[in-house]
Structures are given as structure tokens and as C-alpha cells.
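Asks: Structure supplied as final16.tsv; contents: TSV, C-alpha atoms.
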chain	number	residue	atom	x	y	z
A	1	MET	CA	115.06	115.14	155.29
A	2	ASN	CA	112.40	116.56	157.61
A	3	ARG	CA	108.62	116.53	157.10
A	4	ASN	CA	108.47	120.06	155.67
A	5	GLU	CA	111.12	119.26	153.10
A	6	GLU	CA	109.30	116.07	152.14
A	7	TYR	CA	106.06	118.02	151.81
A	8	GLU	CA	107.67	120.72	149.66
A	9	LEU	CA	109.27	118.04	147.48
A	10	TRP	CA	105.94	116.27	147.04
A	11	LYS	CA	104.21	119.56	146.09
A	12	ALA	CA	106.92	120.33	143.55
A	13	GLU	CA	106.57	116.85	142.09
A	14	ARG	CA	102.78	117.17	141.90
A	15	ALA	CA	103.07	120.59	140.22
A	16	ARG	CA	105.29	119.13	137.48
A	17	THR	CA	102.62	117.52	135.35
A	18	PRO	CA	103.76	115.94	132.08
A	19	ILE	CA	101.86	117.34	129.10
A	20	PRO	CA	101.53	115.22	125.93
A	21	ALA	CA	103.82	116.67	123.22
A	22	ASP	CA	101.01	116.85	120.66
A	23	PHE	CA	98.43	118.30	123.03
A	24	ALA	CA	98.08	121.68	121.28
A	25	ASP	CA	97.85	119.90	117.89
A	26	ARG	CA	95.01	117.71	119.16
A	27	VAL	CA	93.14	120.72	120.58
A	28	MET	CA	93.48	122.61	117.30
A	29	ALA	CA	92.42	119.55	115.25
A	30	GLY	CA	89.31	119.29	117.42
A	31	ILE	CA	88.55	122.98	116.93
A	32	HIS	CA	88.88	122.73	113.14
A	33	ALA	CA	86.67	119.63	113.13
A	34	THR	CA	84.09	121.49	115.24
A	35	ARG	CA	84.14	124.40	112.80
A	36	ARG	CA	83.57	122.04	109.85
A	37	ARG	CA	80.76	120.32	111.73
A	38	THR	CA	79.23	123.69	112.57
A	39	TRP	CA	79.17	124.73	108.90
A	40	ARG	CA	77.70	121.37	107.85
A	41	LEU	CA	75.09	121.63	110.58
A	42	LEU	CA	74.19	125.18	109.49
A	43	LEU	CA	73.75	124.05	105.87
A	44	GLN	CA	71.66	121.07	106.99
A	45	ARG	CA	69.46	123.32	109.11
A	46	LEU	CA	69.09	125.77	106.23
A	47	ALA	CA	68.10	122.93	103.87
A	48	THR	CA	65.63	121.55	106.43
A	49	ALA	CA	64.14	125.00	107.00
A	50	CYS	CA	63.81	125.51	103.24
A	51	LEU	CA	62.07	122.19	102.76
A	52	ARG	CA	59.66	122.92	105.62
A	53	SER	CA	58.55	126.25	104.13
A	54	ARG	CA	55.38	125.96	101.95
A	55	VAL	CA	56.39	128.99	99.88
A	56	LEU	CA	59.81	127.50	99.18
A	57	GLN	CA	58.27	124.10	98.40
A	58	ALA	CA	55.94	125.79	95.90
A	59	GLY	CA	58.94	127.70	94.49
A	60	VAL	CA	60.90	124.46	94.01
A	61	CYS	CA	57.85	122.88	92.25
A	62	VAL	CA	57.41	125.92	89.99
A	63	GLY	CA	61.14	125.74	89.20
A	64	PHE	CA	60.88	122.07	88.22
A	65	VAL	CA	57.75	122.71	86.09
A	66	ALA	CA	59.46	125.68	84.39
A	67	ALA	CA	62.55	123.58	83.67
A	68	TRP	CA	60.38	120.78	82.29
A	69	ALA	CA	58.35	123.24	80.11
A	70	PHE	CA	61.57	124.84	78.82
A	71	ARG	CA	62.94	121.41	77.91
A	72	LEU	CA	59.67	120.42	76.23
A	73	GLY	CA	59.66	123.73	74.34
A	74	GLY	CA	63.19	123.00	73.15
A	75	LEU	CA	62.08	119.61	71.87
A	76	MET	CA	59.08	121.11	70.08
A	77	THR	CA	61.24	123.63	68.19
A	78	VAL	CA	62.93	120.69	66.49
A	79	PHE	CA	59.64	119.84	64.77
A	80	LEU	CA	58.28	123.35	64.25
A	81	PRO	CA	60.46	124.51	61.26
A	82	THR	CA	59.90	121.16	59.52
A	83	ALA	CA	56.16	121.48	59.94
A	84	MET	CA	56.23	125.06	58.64
A	85	GLY	CA	58.34	123.98	55.59
A	86	TYR	CA	55.60	121.63	54.35
B	1	MET	CA	96.91	139.06	130.63
B	2	ASP	CA	97.13	141.77	127.95
B	3	ASP	CA	98.73	139.19	125.68
B	4	ASP	CA	95.75	136.92	126.29
B	5	LEU	CA	93.28	139.69	125.48
B	6	ALA	CA	95.06	140.59	122.25
B	7	THR	CA	95.13	136.94	121.20
B	8	ILE	CA	91.46	136.47	122.11
B	9	GLN	CA	90.55	139.49	119.96
B	10	GLN	CA	92.45	137.99	117.04
B	11	VAL	CA	90.75	134.61	117.46
B	12	LEU	CA	87.32	136.27	117.64
B	13	GLY	CA	88.26	138.28	114.57
B	14	GLY	CA	88.57	135.03	112.60
B	15	ASP	CA	92.22	134.07	113.08
B	16	VAL	CA	91.35	130.73	114.68
B	17	ASN	CA	94.90	129.38	114.55
B	18	ARG	CA	95.98	132.00	117.11
B	19	PHE	CA	94.04	129.95	119.68
B	20	ARG	CA	97.05	127.62	119.72
B	21	GLU	CA	99.00	130.39	121.52
B	22	LEU	CA	96.40	130.39	124.29
B	23	VAL	CA	96.58	126.61	124.53
B	24	GLU	CA	100.37	126.59	124.73
B	25	ARG	CA	100.37	129.43	127.28
B	26	HIS	CA	97.85	127.84	129.63
B	27	GLN	CA	98.07	124.06	129.12
B	28	GLY	CA	100.42	123.77	132.12
B	29	ILE	CA	97.99	125.14	134.69
B	30	VAL	CA	95.04	123.23	133.22
B	31	PHE	CA	96.96	119.94	133.27
B	32	GLY	CA	98.29	120.76	136.73
B	33	LEU	CA	94.78	120.99	138.12
B	34	VAL	CA	93.27	118.09	136.16
B	35	ALA	CA	96.16	115.70	136.91
B	36	ASN	CA	95.79	116.33	140.63
B	37	LEU	CA	92.07	115.65	140.63
B	38	ILE	CA	91.62	112.86	138.09
B	39	ALA	CA	93.47	109.58	138.36
B	40	ASP	CA	93.02	108.13	134.88
B	41	ARG	CA	95.57	109.49	132.39
B	42	HIS	CA	93.30	109.18	129.33
B	43	GLU	CA	90.39	110.77	131.11
B	44	ARG	CA	92.70	113.54	132.26
B	45	ASP	CA	93.82	114.22	128.66
B	46	ASP	CA	90.19	114.23	127.51
B	47	ILE	CA	89.15	116.70	130.21
B	48	ALA	CA	92.06	119.03	129.41
B	49	GLN	CA	91.15	118.94	125.70
B	50	GLU	CA	87.46	119.48	126.39
B	51	THR	CA	88.36	122.43	128.61
B	52	PHE	CA	90.08	124.18	125.71
B	53	TRP	CA	87.32	123.25	123.25
B	54	ALA	CA	84.71	124.63	125.63
B	55	ALA	CA	86.82	127.77	126.05
B	56	TYR	CA	87.02	128.19	122.27
B	57	LEU	CA	83.27	127.72	121.83
B	58	GLY	CA	82.48	130.11	124.68
B	59	LEU	CA	85.20	132.64	123.95
B	60	ARG	CA	82.67	135.37	123.17
B	61	SER	CA	81.20	135.00	126.64
B	62	TYR	CA	84.56	135.50	128.36
B	63	ASP	CA	84.58	138.77	130.30
B	64	ALA	CA	88.07	140.10	131.01
B	65	GLN	CA	86.61	142.53	133.58
B	66	LYS	CA	85.43	139.66	135.74
B	67	ALA	CA	88.41	137.29	135.72
B	68	LYS	CA	91.79	136.55	134.21
B	69	PHE	CA	91.70	134.16	131.25
B	70	SER	CA	93.63	131.56	133.26
B	71	THR	CA	91.05	131.81	136.08
B	72	TRP	CA	88.24	131.34	133.57
B	73	LEU	CA	90.00	128.30	132.08
B	74	LEU	CA	90.59	126.79	135.52
B	75	THR	CA	86.90	127.28	136.31
B	76	ILE	CA	85.93	125.28	133.22
B	77	ALA	CA	88.52	122.58	134.02
B	78	ARG	CA	87.50	122.36	137.67
B	79	ASN	CA	83.79	122.05	136.82
B	80	ARG	CA	84.52	119.28	134.32
B	81	CYS	CA	86.63	117.41	136.86
B	82	ILE	CA	83.95	117.74	139.54
B	83	ASN	CA	81.30	116.43	137.10
B	84	VAL	CA	83.47	113.40	136.32
B	85	LEU	CA	84.24	112.77	140.01
B	86	ARG	CA	80.55	113.01	140.92
B	87	ARG	CA	79.70	110.27	138.46
B	88	ARG	CA	81.96	107.60	139.92
B	89	GLN	CA	83.73	106.17	142.92
B	90	PRO	CA	86.96	107.79	144.08
B	91	THR	CA	90.15	106.20	142.78
B	92	THR	CA	93.73	106.54	143.86
B	93	LEU	CA	95.76	109.21	142.11
B	94	GLU	CA	98.45	107.93	139.82
B	95	ARG	CA	101.98	108.70	140.97
B	96	LEU	CA	103.46	111.35	138.73
B	97	PRO	CA	106.87	110.42	137.31
B	98	ALA	CA	109.58	111.59	139.65
B	99	GLU	CA	112.68	113.39	138.43
B	100	ALA	CA	115.73	111.24	137.72
B	101	ASP	CA	116.99	110.30	141.13
B	102	HIS	CA	120.68	109.80	141.78
B	103	THR	CA	120.48	109.67	145.55
B	104	ASP	CA	120.99	106.77	147.90
B	105	PRO	CA	118.43	103.98	147.16
B	106	ALA	CA	117.35	103.89	150.81
B	107	GLU	CA	116.68	107.62	150.83
B	108	SER	CA	114.91	107.32	147.49
B	109	LEU	CA	112.67	104.60	148.93
B	110	LEU	CA	111.86	106.74	151.96
B	111	ARG	CA	111.04	109.64	149.67
B	112	GLU	CA	108.72	107.41	147.61
B	113	GLU	CA	106.96	106.26	150.76
B	114	SER	CA	106.57	109.79	151.95
B	115	ALA	CA	105.15	110.90	148.57
B	116	ALA	CA	102.73	107.96	148.59
B	117	ARG	CA	101.58	109.04	152.05
B	118	PHE	CA	100.89	112.58	150.81
B	119	ASP	CA	99.09	111.12	147.78
B	120	ARG	CA	96.83	109.10	150.08
B	121	PHE	CA	96.13	112.26	152.06
B	122	LEU	CA	95.12	114.05	148.85
B	123	ASP	CA	92.93	111.11	147.78
B	124	ALA	CA	91.18	111.13	151.14
B	125	LEU	CA	90.23	114.81	151.00
B	126	PRO	CA	86.58	115.63	150.28
B	127	ARG	CA	86.03	117.08	146.78
B	128	ASP	CA	85.50	120.68	147.88
B	129	GLN	CA	88.67	120.73	149.99
B	130	ARG	CA	90.69	118.83	147.43
B	131	SER	CA	90.28	121.21	144.49
B	132	VAL	CA	90.90	124.22	146.73
B	133	PHE	CA	93.97	122.57	148.25
B	134	VAL	CA	95.40	121.66	144.82
B	135	LEU	CA	94.80	125.15	143.44
B	136	SER	CA	96.33	126.89	146.44
B	137	GLU	CA	99.14	124.61	147.63
B	138	ILE	CA	100.22	122.93	144.39
B	139	GLN	CA	99.25	125.42	141.69
B	140	GLY	CA	99.96	128.54	143.73
B	141	VAL	CA	96.70	130.25	142.69
B	142	SER	CA	95.66	133.22	144.88
B	143	TYR	CA	92.73	132.93	147.32
B	144	GLN	CA	90.83	135.59	145.34
B	145	GLU	CA	91.15	133.62	142.11
B	146	ILE	CA	90.24	130.35	143.84
B	147	ALA	CA	87.12	132.04	145.20
B	148	GLN	CA	86.18	132.96	141.61
B	149	ILE	CA	86.92	129.45	140.33
B	150	GLU	CA	84.96	127.75	143.11
B	151	ASP	CA	82.28	130.44	143.14
B	152	VAL	CA	82.47	130.81	146.92
B	153	PRO	CA	83.56	133.65	149.23
B	154	VAL	CA	87.28	134.04	150.02
B	155	GLY	CA	86.52	133.14	153.65
B	156	THR	CA	85.19	129.75	152.55
B	157	VAL	CA	88.35	129.13	150.52
B	158	LYS	CA	90.49	129.92	153.56
B	159	SER	CA	88.47	127.66	155.85
B	160	ARG	CA	88.59	124.76	153.35
B	161	ILE	CA	92.37	125.09	153.04
B	162	SER	CA	92.71	125.34	156.79
B	163	ARG	CA	90.62	122.17	157.28
B	164	ALA	CA	92.67	120.33	154.65
B	165	LYS	CA	95.92	121.38	156.33
B	166	GLU	CA	94.53	120.28	159.67
B	167	LYS	CA	93.93	116.83	158.20
B	168	LEU	CA	97.44	116.81	156.78
B	169	ARG	CA	98.91	117.67	160.19
B	170	SER	CA	96.88	114.95	161.85
B	171	LEU	CA	97.95	112.41	159.21
B	172	LEU	CA	101.60	113.34	159.69
B	173	SER	CA	101.44	113.11	163.47
B	174	GLN	CA	99.63	109.76	163.17
B	175	THR	CA	102.37	108.46	160.87
B	176	ALA	CA	105.07	109.75	163.20
B	177	GLU	CA	103.44	107.83	166.06
B	178	GLU	CA	103.26	104.68	163.93
B	179	ILE	CA	106.92	105.01	163.00
B	180	GLY	CA	107.94	105.99	166.52
Taking this structure as input, can you express it in the form of C-alpha cells?

Replies:
Amino acid sequence: MNRNEEYELWKAERARTPIPADFADRVMAGIHATRRRTWRLLLQRLATACLRSRVLQAGVCVGFVAAWAFRLGGLMTVFLPTAMGY
Amino acid sequence: MDDDLATIQQVLGGDVNRFRELVERHQGIVFGLVANLIADRHERDDIAQETFWAAYLGLRSYDAQKAKFSTWLLTIARNRCINVLRRRQPTTLERLPAEADHTDPAESLLREESAARFDRFLDALPRDQRSVFVLSEIQGVSYQEIAQIEDVPVGTVKSRISRAKEKLRSLLSQTAEEIG
């Protein structure tokens, strides 16, 4: 075998790179994981942005107060008919 | 190339699983480049995976007018390899598994020695010549595409390949003298 043949053989050998059988699966698994992470990150950022906003903070407080008042009102109605009956 | 474009459109349209077709179509050339630049098998697998992940994340920025999808992928892979190589000392390339050999053991040994000699030559090449040499001589990528991948003029690609071949010739003549 002469030098050129050896060289060509070496190039052919180097060009034949073994690829792991599950390579495409691993790439796709990584992509799906990235997509899930991206969604989680977006939701986290949205929540952080909401909590930073004064208007939204005030809105959340008003919501809690309204829920508390509604609950208290519900409790009071238990006593109101009784009181009116006497 | 048209197949690639159609698949890319589908992926961008939300059919993410079609990206697998792009991976299966191009994994050979990406591995071919990475395996000839990076010695460590695990690192090589990681770089090949990261290349496809980066391609997926940057798919919207891919411009089919500027380059073929394979050229774009090779550019990502090459840049990742160069970044890894810059960070550490050069290491010897792992011998790729040879095809089942049924020839004479003596001839097989000679062939192994010869391949090891070519491997040492590849290891000894400077980074800029090495990636160009691998792309051109081993991967069979055109000069024009290599120029796009390396972001250099075609003339520079030609001169790097010519310098690498010059070194190869000198190595072979040196070895012939040693043997002779």
C-alpha cells in the first residue's frame, strides 16, 4: 500500500464517526426540557413582575379585604334573622 | 436544502417534534467535525447535543439566503469546539474504531501505525488549520462553505489548507527518511 492509499484510508476512517444510537432522542429530550423550563421561567417572571407592581399589590390587598368582608358578611347573616325574630 | 426549509417552517410553526428529522439528517456531519477536533468522547457528545439545542433555540435567526442549514450547523459546532479547545491544553485524538479487518496481521499493524502517524499530524496542526483541514479533506465541505463557517475569505481557506498539506508532506517525507 502506498502513501496516498494509506492517506485515503485514514481519511475514510476519520470520516466514519460512530454516532450514539439514542443521540436524536437525547437532543429531543433536551429540547422538551428546555421548553418546559422556558414556560416555568415565563410564569415565574410574570409572577415576579406582578408582585413588583404597586397597582397589582394594591389589587391583591383589595381582593383579600373583599374576600374577608364577604366571609364576615356571610357569618353575620347567620345572626341577622334570629335578631330580627326577637 | 428545500427539505430542510420545509421542516424548519414546520418546527417554527409549533411542530417541535419535526426537529428530530433535522437532527437525524445532519447528525453525521456535526459528529464528523466534532469527533475530529475534540478528543474526549463525552465532551464530543455534549458539544454535538449543544449544537442542536443552540440551533433549535436560534432557529428563527437562521437565514436560508445566507447559508445552507448544514453550513449554519457546522458553524455552531465549530465555534463550540474552538471555545472548548481554547480553554485547555491540546490532547491526542482518540483513534476511531477501524472497520473489521481480515487482512494479514502484519499489514494491519502497518496500517495502524500509518493511521497513528496521520492522527499525530492532525493533532499537531494549529487550530485554524485543523478545522479547515477536517472540513475540507475529511468532511468534503466546499471552500465556499468553509469560508462561511470560519468567517474568513475563500483565499484564506485555501492558504490554510495548503499550509496544512505542506506540513503533511513534510511529515511523510520525514517518516520515509526515518524508515529508509

Asks: Any idea what's packed within 8 Å of Trp53 in chain B, counting all atoms listed in the file, ignoring anything in its chain fewer than 3 positions away? Could you give it as a compact mmCIF listing (two decimals) with C-alpha atoms, in the frame of the given file?

Replies:
# COMPACT_ATOMS: atom_id res chain seq x y z
CA VAL A 27 93.14 120.72 120.58
CA GLY A 30 89.31 119.29 117.42
CA ILE A 31 88.55 122.98 116.93
CA GLN B 49 91.15 118.94 125.70
CA GLU B 50 87.46 119.48 126.39
CA TYR B 56 87.02 128.19 122.27
CA LEU B 57 83.27 127.72 121.83

Asks: Chain A residues within 6 Å of chain B, counting all atoms listed in the file: which ones, as a list in words?

Replies: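 Only these qualify: Trp10, Lys11, Ala15, Thr17 and Val27 of chain A.
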
Asks: Output C-alpha atoms of each residue in that selection to a file, as a PDB file, in the frame of the given file.

Replies:
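Output file selection_35.pdb is given in full below:
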ATOM      1  CA  TRP A  10     105.940 116.270 147.040  1.00  0.00           C
ATOM      2  CA  LYS A  11     104.210 119.560 146.090  1.00  0.00           C
ATOM      3  CA  ALA A  15     103.070 120.590 140.220  1.00  0.00           C
ATOM      4  CA  THR A  17     102.620 117.520 135.350  1.00  0.00           C
ATOM      5  CA  VAL A  27      93.140 120.720 120.580  1.00  0.00           C
TER       6      VAL A  27
END

Asks: Calculated over all atoms listed in the file, which of the candidates B:Ile38, B:Leu125, B:Leu12, B:Ile146 has the smallest distance to Leu73 in chain B?

Replies: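 With all atoms listed in the file as the atom set, the closest residue is B:Ile146.
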
Asks: Between CA of Ile161 in chain B and CA of Ser136 in chain B, measure the distance and give it in Å to one decimal.

Replies: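 CA of Ser136 in chain B lies 7.9 Å from CA of Ile161 in chain B.
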
Asks: Rounded to one decimal place, report the CA of Arg80 in chain B-CA of Ile47 in chain B distance in Å.

Replies: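 Separating CA of Arg80 in chain B from CA of Ile47 in chain B is a distance of 6.7 Å.
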
Asks: Please indicate the distance in Å from CA of Ala69 in chain A to CA of Leu56 in chain A, rounded to one decimal place.

Replies: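 CA of Ala69 in chain A sits 19.6 Å away from CA of Leu56 in chain A.
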
Asks: Any chance you could model N, CA and C atoms for range 137-173 of chain B and send them as a PDB file, in the coordinates of the input?

Replies:
ATOM      1  N   GLU B 137      97.843 125.136 147.176  1.00  0.00           N
ATOM      2  CA  GLU B 137      99.140 124.610 147.630  1.00  0.00           C
ATOM      3  C   GLU B 137     100.021 124.124 146.475  1.00  0.00           C
ATOM      4  N   ILE B 138      99.407 123.514 145.462  1.00  0.00           N
ATOM      5  CA  ILE B 138     100.220 122.930 144.390  1.00  0.00           C
ATOM      6  C   ILE B 138     100.345 123.883 143.206  1.00  0.00           C
ATOM      7  N   GLN B 139      99.227 124.536 142.858  1.00  0.00           N
ATOM      8  CA  GLN B 139      99.250 125.420 141.690  1.00  0.00           C
ATOM      9  C   GLN B 139      99.666 126.853 142.042  1.00  0.00           C
ATOM     10  N   GLY B 140      99.579 127.193 143.301  1.00  0.00           N
ATOM     11  CA  GLY B 140      99.960 128.540 143.730  1.00  0.00           C
ATOM     12  C   GLY B 140      98.998 129.626 143.281  1.00  0.00           C
ATOM     13  N   VAL B 141      97.717 129.275 143.102  1.00  0.00           N
ATOM     14  CA  VAL B 141      96.700 130.250 142.690  1.00  0.00           C
ATOM     15  C   VAL B 141      96.277 131.064 143.924  1.00  0.00           C
ATOM     16  N   SER B 142      96.010 132.370 143.732  1.00  0.00           N
ATOM     17  CA  SER B 142      95.660 133.220 144.880  1.00  0.00           C
ATOM     18  C   SER B 142      94.267 132.864 145.427  1.00  0.00           C
ATOM     19  N   TYR B 143      94.029 133.213 146.689  1.00  0.00           N
ATOM     20  CA  TYR B 143      92.730 132.930 147.320  1.00  0.00           C
ATOM     21  C   TYR B 143      91.583 133.589 146.539  1.00  0.00           C
ATOM     22  N   GLN B 144      91.841 134.834 146.095  1.00  0.00           N
ATOM     23  CA  GLN B 144      90.830 135.590 145.340  1.00  0.00           C
ATOM     24  C   GLN B 144      90.416 134.837 144.072  1.00  0.00           C
ATOM     25  N   GLU B 145      91.424 134.344 143.353  1.00  0.00           N
ATOM     26  CA  GLU B 145      91.150 133.620 142.110  1.00  0.00           C
ATOM     27  C   GLU B 145      90.440 132.280 142.409  1.00  0.00           C
ATOM     28  N   ILE B 146      90.883 131.627 143.480  1.00  0.00           N
ATOM     29  CA  ILE B 146      90.240 130.350 143.840  1.00  0.00           C
ATOM     30  C   ILE B 146      88.768 130.591 144.167  1.00  0.00           C
ATOM     31  N   ALA B 147      88.509 131.710 144.858  1.00  0.00           N
ATOM     32  CA  ALA B 147      87.120 132.040 145.200  1.00  0.00           C
ATOM     33  C   ALA B 147      86.293 132.204 143.924  1.00  0.00           C
ATOM     34  N   GLN B 148      86.896 132.802 142.893  1.00  0.00           N
ATOM     35  CA  GLN B 148      86.180 132.960 141.610  1.00  0.00           C
ATOM     36  C   GLN B 148      85.961 131.596 140.948  1.00  0.00           C
ATOM     37  N   ILE B 149      87.007 130.767 140.973  1.00  0.00           N
ATOM     38  CA  ILE B 149      86.920 129.450 140.330  1.00  0.00           C
ATOM     39  C   ILE B 149      85.867 128.587 141.014  1.00  0.00           C
ATOM     40  N   GLU B 150      85.879 128.602 142.338  1.00  0.00           N
ATOM     41  CA  GLU B 150      84.960 127.750 143.110  1.00  0.00           C
ATOM     42  C   GLU B 150      83.587 128.383 143.294  1.00  0.00           C
ATOM     43  N   ASP B 151      83.510 129.676 142.958  1.00  0.00           N
ATOM     44  CA  ASP B 151      82.280 130.440 143.140  1.00  0.00           C
ATOM     45  C   ASP B 151      81.814 130.429 144.605  1.00  0.00           C
ATOM     46  N   VAL B 152      82.766 130.706 145.479  1.00  0.00           N
ATOM     47  CA  VAL B 152      82.470 130.810 146.920  1.00  0.00           C
ATOM     48  C   VAL B 152      83.210 132.033 147.470  1.00  0.00           C
ATOM     49  N   PRO B 153      82.826 132.528 148.656  1.00  0.00           N
ATOM     50  CA  PRO B 153      83.560 133.650 149.230  1.00  0.00           C
ATOM     51  C   PRO B 153      84.998 133.272 149.606  1.00  0.00           C
ATOM     52  N   VAL B 154      85.869 134.284 149.683  1.00  0.00           N
ATOM     53  CA  VAL B 154      87.280 134.040 150.020  1.00  0.00           C
ATOM     54  C   VAL B 154      87.394 133.345 151.383  1.00  0.00           C
ATOM     55  N   GLY B 155      86.501 133.736 152.307  1.00  0.00           N
ATOM     56  CA  GLY B 155      86.520 133.140 153.650  1.00  0.00           C
ATOM     57  C   GLY B 155      86.317 131.623 153.593  1.00  0.00           C
ATOM     58  N   THR B 156      85.444 131.191 152.698  1.00  0.00           N
ATOM     59  CA  THR B 156      85.190 129.750 152.550  1.00  0.00           C
ATOM     60  C   THR B 156      86.431 129.041 152.024  1.00  0.00           C
ATOM     61  N   VAL B 157      87.109 129.705 151.074  1.00  0.00           N
ATOM     62  CA  VAL B 157      88.350 129.130 150.520  1.00  0.00           C
ATOM     63  C   VAL B 157      89.354 128.933 151.648  1.00  0.00           C
ATOM     64  N   LYS B 158      89.509 129.996 152.468  1.00  0.00           N
ATOM     65  CA  LYS B 158      90.490 129.920 153.560  1.00  0.00           C
ATOM     66  C   LYS B 158      90.140 128.805 154.543  1.00  0.00           C
ATOM     67  N   SER B 159      88.844 128.690 154.857  1.00  0.00           N
ATOM     68  CA  SER B 159      88.470 127.660 155.850  1.00  0.00           C
ATOM     69  C   SER B 159      88.662 126.257 155.275  1.00  0.00           C
ATOM     70  N   ARG B 160      88.383 126.088 153.957  1.00  0.00           N
ATOM     71  CA  ARG B 160      88.590 124.760 153.350  1.00  0.00           C
ATOM     72  C   ARG B 160      90.074 124.389 153.365  1.00  0.00           C
ATOM     73  N   ILE B 161      90.929 125.368 153.041  1.00  0.00           N
ATOM     74  CA  ILE B 161      92.370 125.090 153.040  1.00  0.00           C
ATOM     75  C   ILE B 161      92.841 124.781 154.463  1.00  0.00           C
ATOM     76  N   SER B 162      92.310 125.552 155.399  1.00  0.00           N
ATOM     77  CA  SER B 162      92.710 125.340 156.790  1.00  0.00           C
ATOM     78  C   SER B 162      92.295 123.944 157.274  1.00  0.00           C
ATOM     79  N   ARG B 163      91.083 123.508 156.883  1.00  0.00           N
ATOM     80  CA  ARG B 163      90.620 122.170 157.280  1.00  0.00           C
ATOM     81  C   ARG B 163      91.475 121.080 156.628  1.00  0.00           C
ATOM     82  N   ALA B 164      91.833 121.310 155.360  1.00  0.00           N
ATOM     83  CA  ALA B 164      92.670 120.330 154.650  1.00  0.00           C
ATOM     84  C   ALA B 164      94.038 120.228 155.316  1.00  0.00           C
ATOM     85  N   LYS B 165      94.600 121.380 155.688  1.00  0.00           N
ATOM     86  CA  LYS B 165      95.920 121.380 156.330  1.00  0.00           C
ATOM     87  C   LYS B 165      95.862 120.720 157.697  1.00  0.00           C
ATOM     88  N   GLU B 166      94.734 120.914 158.357  1.00  0.00           N
ATOM     89  CA  GLU B 166      94.530 120.280 159.670  1.00  0.00           C
ATOM     90  C   GLU B 166      94.592 118.761 159.528  1.00  0.00           C
ATOM     91  N   LYS B 167      93.923 118.272 158.469  1.00  0.00           N
ATOM     92  CA  LYS B 167      93.930 116.830 158.200  1.00  0.00           C
ATOM     93  C   LYS B 167      95.337 116.342 157.887  1.00  0.00           C
ATOM     94  N   LEU B 168      96.068 117.166 157.143  1.00  0.00           N
ATOM     95  CA  LEU B 168      97.440 116.810 156.780  1.00  0.00           C
ATOM     96  C   LEU B 168      98.295 116.697 158.044  1.00  0.00           C
ATOM     97  N   ARG B 169      98.133 117.684 158.934  1.00  0.00           N
ATOM     98  CA  ARG B 169      98.910 117.670 160.190  1.00  0.00           C
ATOM     99  C   ARG B 169      98.585 116.422 161.005  1.00  0.00           C
ATOM    100  N   SER B 170      97.273 116.111 161.044  1.00  0.00           N
ATOM    101  CA  SER B 170      96.880 114.950 161.850  1.00  0.00           C
ATOM    102  C   SER B 170      97.419 113.659 161.234  1.00  0.00           C
ATOM    103  N   LEU B 171      97.405 113.595 159.892  1.00  0.00           N
ATOM    104  CA  LEU B 171      97.950 112.410 159.210  1.00  0.00           C
ATOM    105  C   LEU B 171      99.445 112.264 159.506  1.00  0.00           C
ATOM    106  N   LEU B 172     100.155 113.402 159.462  1.00  0.00           N
ATOM    107  CA  LEU B 172     101.600 113.340 159.690  1.00  0.00           C
ATOM    108  C   LEU B 172     101.933 112.938 161.121  1.00  0.00           C
ATOM    109  N   SER B 173     101.146 113.467 162.078  1.00  0.00           N
ATOM    110  CA  SER B 173     101.440 113.110 163.470  1.00  0.00           C
ATOM    111  C   SER B 173     101.104 111.638 163.729  1.00  0.00           C
TER     112      SER B 173
END
